[in-house]
Amino acid sequence: MTEAVLRTRKLRKEFGKGDGRVRAVDDVDLAVDAGETVAVMGPSGCGKSTLLHLLGGLQRPTGGEVELGGRRVETMSERALARLRRDRIGFVFQAFHLMPELTAVENVEVPALLAGRSPRAARTTALDLLDQVGLADRTGHLPSALSGGQRQRVAIARALSTEPLVVLADEPTGNLDSAATAEVLRLFDRLHRAGQTLVVVTHDARIAATADRILSMRDGALVDQTVLAGAA
Amino acid sequence: MGRLLLVLRLAWRDVRRRPVEAILALLVMMVATTTLTIGLALNDVTDHPYEQTKAATAGPDAVAGFLSENGAPPASAAVDAITRLPGVTAHGPLMPMAHTTLTLGRRTATVQAWGREPAGGDPVDRPKLTSGGWVGAGSVVLERGFADALGARVGDHVTLGGRSFRIGGTAVSAALPSYPSSLCHLLCFAGIAPGPHAFDLGLVWLTPADLATVHERTTPAVVYLLDLRLADPAAAPAFAAAHGRETAPFLLAWQQIRDADAGVTRSAQTALQVGAVLLALLAVAGLTVLAGRRTLEQTRRVGLLKAVGGTPGLIALVLFVEHLALAVLAAAAALGVGRLLAGRFTAPGAGLLGSSGPATLTASTVAVVIVVALLVALTATLLPALRAARSATITALEAPARTPRRHGRVIALSAALPVPLLLGLRLIGRRPARAALATLSTAVTVTGLVTILTSAAVNARDTGGLHNLRTERLAQVTTTITVMLLVLAAANTVFLTWATVADARHASALARAFGATPDQVTGGLSAAQVVPAAPGALLGVPAGLIVYRAVTQTSFSAPSVAGLAAVLLGSVLAVVVCTAIPAGLGARRPVADVLSAESA
Ligand SMILES: Nc1ncnc2c1ncn2[C@@H]1O[C@H](COP(=O)(O)OP(=O)(O)OP(=O)(O)O)[C@@H](O)[C@H]1O
Ligand SMILES: [Mg+2]
């Protein structure tokens, strides 16, 4: 087994105070190996999104540790977190979250430009990624001129643009119909085979079926783990 | 390099995506900075021309006056007492001056008739001819500013105190403030009001012999003037204070004459100051709407940038670049426009030589305007930037369209109304603060218009219709302010509607999905502006009258009811017109476009 890229120890996140306190993530110990695809499933409100936000440094934990590529995340400064997000993590959201005023290719190159790459290199990479997600003919379109599935593929291309250590996806097909879901599914499958480390929160059994492991979550805790046959 | 490109791209795209908002922000900043430019440029505007005139006419450093109740010249001992004072290096002859009435055609003015020898060539105060020749028997010279105001030309005949004279020439002088700021030398020192136009006295030079034939004076008194040259002109005010009496003699320092000349722009300055306050209020209202409109969108953008690795600093930079570009543009435009306009307000008038024109746009004015524009940009950046730095990425990203407040009573009440009013009232209920801004904006505009209307009514009463540099300048200023008020108010209204349209996009699309026609939706969007604007307009009428009374000392004369009614109805009508276009455009967007754009 390879070295864990992403690891948590006793990870905990609480919201609110006193009686209204919610323990959204409860003592989660997790290790994701390089090249592994992990699916997280569970009922609504069990803390899946919160876990993903903690993994990606979008939220700070109440307790416990997060380690990405050998570096502790939860103690980082805001600035360091920003750098981490742009260099080592790729996010894919259910609601796409593309910048409406930028074209597809411009959206994809944002992280690379933020990372200080030259405009030309950023553009080349972005065009290449859009080609890979099957949108070579849509590079100049604004998000408003794209279908939901196309928007999500642009978002996936954006997540890959700085060759992140890990891609974190939160219900990437939650807003898509089954045809668009199939496209995204194929993409994730290809990423998986290319050795991209991937953590996907999903309700969709078909997406989960492409993973190496399925983690089940309930009331903030990991309660079960299924290692799928044929896992790498 | 790449980061810079990103910052510029994001800033530029944001501006391009919302061109109307960018233009409105520009406009709002521009109006404020333009007013500032003019206000600054009007400071000390007449100094320069006055000093030019003084140099060109050997103007006196001080003028002594001896009041004579019976017309006899003062005792030579009294005159000597002045001319032998330490510091006096030269003096002119003793010259009589009396008040009388001048008539040209059907125009009549109170004038100061000043007796001067036809030979001229006095050591102090040699009025400079600007046309025609100097005084002679039966031939008078008019001060140029006064001649211009009268429309008098060389060769015309005027009646002075019942006798007809030919106008032999026009001239300028630094010995008295030029029309219409003429000091009321004689009558006011004697405690007699010369009629309704106490401050708009004309000046006429004629020979002492002719002056003696001018009867029908407004008073039998004569004042004898003595022009003085001082060793230290700068100390003239101290000299006048030390040796002047109330009547025999009174002493006037050249600085007082200069300041009286500057009085031409004083009413304009007052108007400008009031206007600047009103315009600033409108500008703040406009920027508030602008900021409120963008908050949600900016919050999402910030969350997005943070999620893909942008630092708070970068986000602040994008915002700042955007505002900075707008501010620099606004400042540049304001300086250009302000320079042009200020040049018009500061033309010295015919009573003085030279010009103050665009030269009054000093480096410090430019600096102040630019600094103010930059401060506006910084302020506009600071709050969102701080908010962006503080906001948790996830909260920002998932910021829901701010849930509108629910006003059950408004909803219940509006149910009984026609559809447009129903929609309009419900829109107001969703955003009461915005409705309050609509009320404020209209109230401020109407306040300004009513103030201007009042000042016009007062002027018409006071000047008796005689063309007058001061009232003309006041008219210029008020016209400019009116235009700016209207432009800004229109921009605010369009912008408020635009914000309402954008805000109500989803609701409007839903209303249409359930069968409301585009016209009903347009009507609703318009009603959301007109309903709060109407009480604002009503409020503005008394506010305008109060503002006028508060800032002017002159007696008050109310504008006509018809004028007030026109302002009231006109402003409400203007709101209707201004809302129609954005509302109509907003209401006609295809429903599907709107609903699908929501999730971009
Ligand atoms: N900012 C917050 N403040 C307070 N409570 C929160 C906050 N974010 C999440 N929660 C609570 O934490 C719990 C976990 O939320 P989370 O969004 O992680 O669930 P989820 O598993 O992603 O649900 P879903 O499948 O519906 O997306 C929920 O009970 C939620 O109410
Ligand atoms: Mg979730």
# chains A, B, ... in the order shown; residues from 1 in each chain; ligands from 1
$ closest_atom_pairs --of "chain A" --to "ligand 1" --cutoff "12 Å" --atoms "only C-alpha atoms and all ligand atoms" --output "CSV"
residue,atom,partner,partner_atom_place_in_ligand_line,distance
A:Arg12,CA,ligand 1,12 (O),11.4
A:Lys13,CA,ligand 1,12 (O),8.5
A:Glu14,CA,ligand 1,12 (O),7.7
A:Phe15,CA,ligand 1,4 (C),4.7
A:Gly16,CA,ligand 1,4 (C),6.0
A:Lys17,CA,ligand 1,4 (C),9.7
A:Gly20,CA,ligand 1,4 (C),9.0
A:Arg21,CA,ligand 1,5 (N),8.2
A:Val22,CA,ligand 1,12 (O),6.2
A:Arg23,CA,ligand 1,12 (O),6.8
A:Ala24,CA,ligand 1,12 (O),4.2
A:Val25,CA,ligand 1,14 (C),7.3
A:Asp26,CA,ligand 1,14 (C),10.4
A:Val40,CA,ligand 1,21 (O),9.3
A:Met41,CA,ligand 1,21 (O),8.2
A:Gly42,CA,ligand 1,21 (O),6.6
A:Pro43,CA,ligand 1,25 (O),5.9
A:Ser44,CA,ligand 1,25 (O),3.4
A:Gly45,CA,ligand 1,19 (O),3.4
A:Cys46,CA,ligand 1,21 (O),4.0
A:Gly47,CA,ligand 1,18 (O),3.1
A:Lys48,CA,ligand 1,21 (O),3.8
A:Ser49,CA,ligand 1,22 (O),3.7
A:Thr50,CA,ligand 1,18 (O),3.7
A:Leu51,CA,ligand 1,18 (O),6.5
A:Leu52,CA,ligand 1,18 (O),8.1
A:His53,CA,ligand 1,18 (O),8.4
A:Leu54,CA,ligand 1,18 (O),9.9
A:Leu58,CA,ligand 1,1 (N),11.6
A:Gln59,CA,ligand 1,1 (N),9.5
A:Arg60,CA,ligand 1,1 (N),11.4
A:Phe93,CA,ligand 1,27 (O),11.0
A:Gln94,CA,ligand 1,27 (O),9.3
A:Ala95,CA,ligand 1,27 (O),11.6
A:Ala169,CA,ligand 1,22 (O),11.4
A:Asp170,CA,ligand 1,22 (O),8.0
A:Glu171,CA,ligand 1,27 (O),7.8
A:Pro172,CA,ligand 1,27 (O),11.3
A:Gly174,CA,ligand 1,27 (O),9.5
A:Val200,CA,ligand 1,22 (O),11.5
A:Val201,CA,ligand 1,22 (O),8.1
A:Thr202,CA,ligand 1,25 (O),8.0
A:His203,CA,ligand 1,25 (O),7.6
A:Asp204,CA,ligand 1,25 (O),11.2
A:Ser216,CA,ligand 1,21 (O),10.6
A:Met217,CA,ligand 1,21 (O),8.0
A:Arg218,CA,ligand 1,21 (O),8.4
A:Asp219,CA,ligand 1,14 (C),7.9
A:Gly220,CA,ligand 1,14 (C),7.1
A:Ala221,CA,ligand 1,21 (O),10.6
A:Leu222,CA,ligand 1,21 (O),11.6
$ select_by_dssp --residues "stretch 23-128 of chain A" --states "alpha helix (DSSP H)" --output "mmCIF file with N, CA, C and O atoms, in the first residue's frame"
data_model
loop_
_atom_site.group_PDB
_atom_site.id
_atom_site.type_symbol
_atom_site.label_atom_id
_atom_site.label_comp_id
_atom_site.auth_asym_id
_atom_site.auth_seq_id
_atom_site.Cartn_x
_atom_site.Cartn_y
_atom_site.Cartn_z
ATOM 1 N N LYS A 48 -21.290 15.129 5.732
ATOM 2 C CA LYS A 48 -20.400 14.835 4.605
ATOM 3 C C LYS A 48 -19.731 16.099 4.071
ATOM 4 O O LYS A 48 -18.505 16.149 3.891
ATOM 5 N N SER A 49 -20.552 17.120 3.825
ATOM 6 C CA SER A 49 -19.988 18.363 3.285
ATOM 7 C C SER A 49 -19.000 18.969 4.264
ATOM 8 O O SER A 49 -17.917 19.422 3.889
ATOM 9 N N THR A 50 -19.378 18.956 5.532
ATOM 10 C CA THR A 50 -18.503 19.539 6.545
ATOM 11 C C THR A 50 -17.157 18.828 6.555
ATOM 12 O O THR A 50 -16.104 19.470 6.610
ATOM 13 N N LEU A 51 -17.187 17.497 6.466
ATOM 14 C CA LEU A 51 -15.927 16.735 6.436
ATOM 15 C C LEU A 51 -15.064 17.193 5.260
ATOM 16 O O LEU A 51 -13.863 17.430 5.394
ATOM 17 N N LEU A 52 -15.700 17.323 4.113
ATOM 18 C CA LEU A 52 -14.958 17.720 2.913
ATOM 19 C C LEU A 52 -14.361 19.124 3.076
ATOM 20 O O LEU A 52 -13.216 19.373 2.678
ATOM 21 N N HIS A 53 -15.142 20.016 3.664
ATOM 22 C CA HIS A 53 -14.642 21.380 3.882
ATOM 23 C C HIS A 53 -13.439 21.386 4.822
ATOM 24 O O HIS A 53 -12.495 22.148 4.634
ATOM 25 N N LEU A 54 -13.492 20.501 5.807
ATOM 26 C CA LEU A 54 -12.353 20.414 6.742
ATOM 27 C C LEU A 54 -11.126 19.869 6.021
ATOM 28 O O LEU A 54 -10.004 20.351 6.206
ATOM 29 N N LEU A 55 -11.352 18.863 5.167
ATOM 30 C CA LEU A 55 -10.234 18.270 4.442
ATOM 31 C C LEU A 55 -9.573 19.307 3.539
ATOM 32 O O LEU A 55 -8.353 19.317 3.359
ATOM 33 N N GLU A 78 -4.354 31.814 7.253
ATOM 34 C CA GLU A 78 -5.297 31.991 6.133
ATOM 35 C C GLU A 78 -4.562 32.017 4.795
ATOM 36 O O GLU A 78 -4.982 31.434 3.807
ATOM 37 N N ARG A 79 -3.432 32.717 4.814
ATOM 38 C CA ARG A 79 -2.656 32.873 3.595
ATOM 39 C C ARG A 79 -2.119 31.524 3.121
ATOM 40 O O ARG A 79 -2.198 31.182 1.936
ATOM 41 N N ALA A 80 -1.612 30.751 4.091
ATOM 42 C CA ALA A 80 -1.073 29.440 3.741
ATOM 43 C C ALA A 80 -2.191 28.524 3.248
ATOM 44 O O ALA A 80 -1.999 27.731 2.316
ATOM 45 N N LEU A 81 -3.368 28.664 3.871
ATOM 46 C CA LEU A 81 -4.508 27.856 3.431
ATOM 47 C C LEU A 81 -4.879 28.193 1.990
ATOM 48 O O LEU A 81 -5.183 27.311 1.190
ATOM 49 N N ALA A 82 -4.861 29.506 1.686
ATOM 50 C CA ALA A 82 -5.182 29.918 0.323
ATOM 51 C C ALA A 82 -4.200 29.280 -0.651
ATOM 52 O O ALA A 82 -4.580 28.779 -1.713
ATOM 53 N N ARG A 83 -2.920 29.297 -0.257
ATOM 54 C CA ARG A 83 -1.897 28.707 -1.133
ATOM 55 C C ARG A 83 -2.129 27.202 -1.291
ATOM 56 O O ARG A 83 -2.034 26.656 -2.381
ATOM 57 N N LEU A 84 -2.496 26.588 -0.169
ATOM 58 C CA LEU A 84 -2.753 25.150 -0.198
ATOM 59 C C LEU A 84 -3.910 24.826 -1.152
ATOM 60 O O LEU A 84 -3.823 23.918 -1.980
ATOM 61 N N ARG A 85 -4.981 25.594 -1.042
ATOM 62 C CA ARG A 85 -6.148 25.335 -1.883
ATOM 63 C C ARG A 85 -5.810 25.488 -3.351
ATOM 64 O O ARG A 85 -6.290 24.758 -4.199
ATOM 65 N N ARG A 86 -4.947 26.469 -3.631
ATOM 66 C CA ARG A 86 -4.729 26.720 -5.044
ATOM 67 C C ARG A 86 -3.689 25.761 -5.616
ATOM 68 O O ARG A 86 -3.743 25.419 -6.794
ATOM 69 N N ASP A 87 -2.747 25.264 -4.785
ATOM 70 C CA ASP A 87 -1.693 24.417 -5.335
ATOM 71 C C ASP A 87 -1.981 22.926 -5.199
ATOM 72 O O ASP A 87 -1.547 22.132 -6.028
ATOM 73 N N ARG A 88 -2.659 22.518 -4.137
ATOM 74 C CA ARG A 88 -2.703 21.086 -3.843
ATOM 75 C C ARG A 88 -4.089 20.487 -3.836
ATOM 76 O O ARG A 88 -4.245 19.292 -3.726
ATOM 77 N N ALA A 104 -15.414 29.803 -20.281
ATOM 78 C CA ALA A 104 -15.030 28.478 -19.778
ATOM 79 C C ALA A 104 -13.523 28.409 -19.569
ATOM 80 O O ALA A 104 -13.042 28.049 -18.485
ATOM 81 N N VAL A 105 -12.760 28.785 -20.605
ATOM 82 C CA VAL A 105 -11.311 28.631 -20.501
ATOM 83 C C VAL A 105 -10.748 29.580 -19.449
ATOM 84 O O VAL A 105 -9.818 29.239 -18.713
ATOM 85 N N GLU A 106 -11.329 30.763 -19.329
ATOM 86 C CA GLU A 106 -10.850 31.712 -18.319
ATOM 87 C C GLU A 106 -11.137 31.200 -16.917
ATOM 88 O O GLU A 106 -10.337 31.390 -15.989
ATOM 89 N N ASN A 107 -12.287 30.560 -16.741
ATOM 90 C CA ASN A 107 -12.591 29.964 -15.443
ATOM 91 C C ASN A 107 -11.569 28.892 -15.091
ATOM 92 O O ASN A 107 -11.106 28.817 -13.959
ATOM 93 N N VAL A 108 -11.229 28.065 -16.093
ATOM 94 C CA VAL A 108 -10.322 26.948 -15.826
ATOM 95 C C VAL A 108 -8.935 27.469 -15.444
ATOM 96 O O VAL A 108 -8.250 26.887 -14.607
ATOM 97 N N GLU A 109 -8.518 28.577 -16.027
ATOM 98 C CA GLU A 109 -7.150 29.023 -15.758
ATOM 99 C C GLU A 109 -7.007 29.884 -14.500
ATOM 100 O O GLU A 109 -5.889 30.269 -14.141
ATOM 101 N N VAL A 110 -8.110 30.175 -13.813
ATOM 102 C CA VAL A 110 -8.010 31.024 -12.606
ATOM 103 C C VAL A 110 -7.005 30.481 -11.584
ATOM 104 O O VAL A 110 -6.100 31.207 -11.160
ATOM 105 N N PRO A 111 -7.100 29.190 -11.170
ATOM 106 C CA PRO A 111 -6.143 28.722 -10.150
ATOM 107 C C PRO A 111 -4.699 28.817 -10.624
ATOM 108 O O PRO A 111 -3.810 29.181 -9.838
ATOM 109 N N ALA A 112 -4.457 28.513 -11.905
ATOM 110 C CA ALA A 112 -3.092 28.571 -12.413
ATOM 111 C C ALA A 112 -2.564 30.001 -12.376
ATOM 112 O O ALA A 112 -1.412 30.248 -12.017
ATOM 113 N N LEU A 113 -3.421 30.950 -12.728
ATOM 114 C CA LEU A 113 -2.997 32.355 -12.688
ATOM 115 C C LEU A 113 -2.768 32.800 -11.250
ATOM 116 O O LEU A 113 -1.816 33.513 -10.954
ATOM 117 N N LEU A 114 -3.650 32.341 -10.369
ATOM 118 C CA LEU A 114 -3.458 32.662 -8.948
ATOM 119 C C LEU A 114 -2.136 32.106 -8.447
ATOM 120 O O LEU A 114 -1.473 32.706 -7.610
ATOM 121 N N PRO A 119 0.585 33.594 -18.152
ATOM 122 C CA PRO A 119 -0.710 33.524 -18.830
ATOM 123 C C PRO A 119 -0.701 32.494 -19.956
ATOM 124 O O PRO A 119 -1.683 31.784 -20.151
ATOM 125 N N ARG A 120 0.420 32.417 -20.677
ATOM 126 C CA ARG A 120 0.447 31.494 -21.814
ATOM 127 C C ARG A 120 0.388 30.048 -21.323
ATOM 128 O O ARG A 120 -0.381 29.249 -21.854
ATOM 129 N N ALA A 121 1.175 29.729 -20.305
ATOM 130 C CA ALA A 121 1.176 28.358 -19.785
ATOM 131 C C ALA A 121 -0.201 28.015 -19.220
ATOM 132 O O ALA A 121 -0.719 26.916 -19.460
ATOM 133 N N ALA A 122 -0.812 28.984 -18.506
ATOM 134 C CA ALA A 122 -2.127 28.741 -17.917
ATOM 135 C C ALA A 122 -3.147 28.456 -19.018
ATOM 136 O O ALA A 122 -3.978 27.553 -18.905
ATOM 137 N N ARG A 123 -3.052 29.219 -20.094
ATOM 138 C CA ARG A 123 -4.002 29.048 -21.197
ATOM 139 C C ARG A 123 -3.832 27.678 -21.856
ATOM 140 O O ARG A 123 -4.818 26.975 -22.115
ATOM 141 N N THR A 124 -2.575 27.307 -22.099
ATOM 142 C CA THR A 124 -2.312 26.018 -22.750
ATOM 143 C C THR A 124 -2.885 24.874 -21.911
ATOM 144 O O THR A 124 -3.595 24.001 -22.416
ATOM 145 N N THR A 125 -2.593 24.911 -20.610
ATOM 146 C CA THR A 125 -3.093 23.864 -19.717
ATOM 147 C C THR A 125 -4.615 23.835 -19.722
ATOM 148 O O THR A 125 -5.231 22.769 -19.802
ATOM 149 N N ALA A 126 -5.224 25.033 -19.644
ATOM 150 C CA ALA A 126 -6.678 25.114 -19.557
ATOM 151 C C ALA A 126 -7.331 24.543 -20.811
ATOM 152 O O ALA A 126 -8.309 23.786 -20.734
ATOM 153 N N LEU A 127 -6.770 24.885 -21.982
ATOM 154 C CA LEU A 127 -7.338 24.373 -23.237
ATOM 155 C C LEU A 127 -7.213 22.860 -23.293
ATOM 156 O O LEU A 127 -8.145 22.156 -23.710
ATOM 157 N N ASP A 128 -6.067 22.373 -22.833
ATOM 158 C CA ASP A 128 -5.826 20.941 -22.827
ATOM 159 C C ASP A 128 -6.845 20.231 -21.928
ATOM 160 O O ASP A 128 -7.434 19.215 -22.308
#
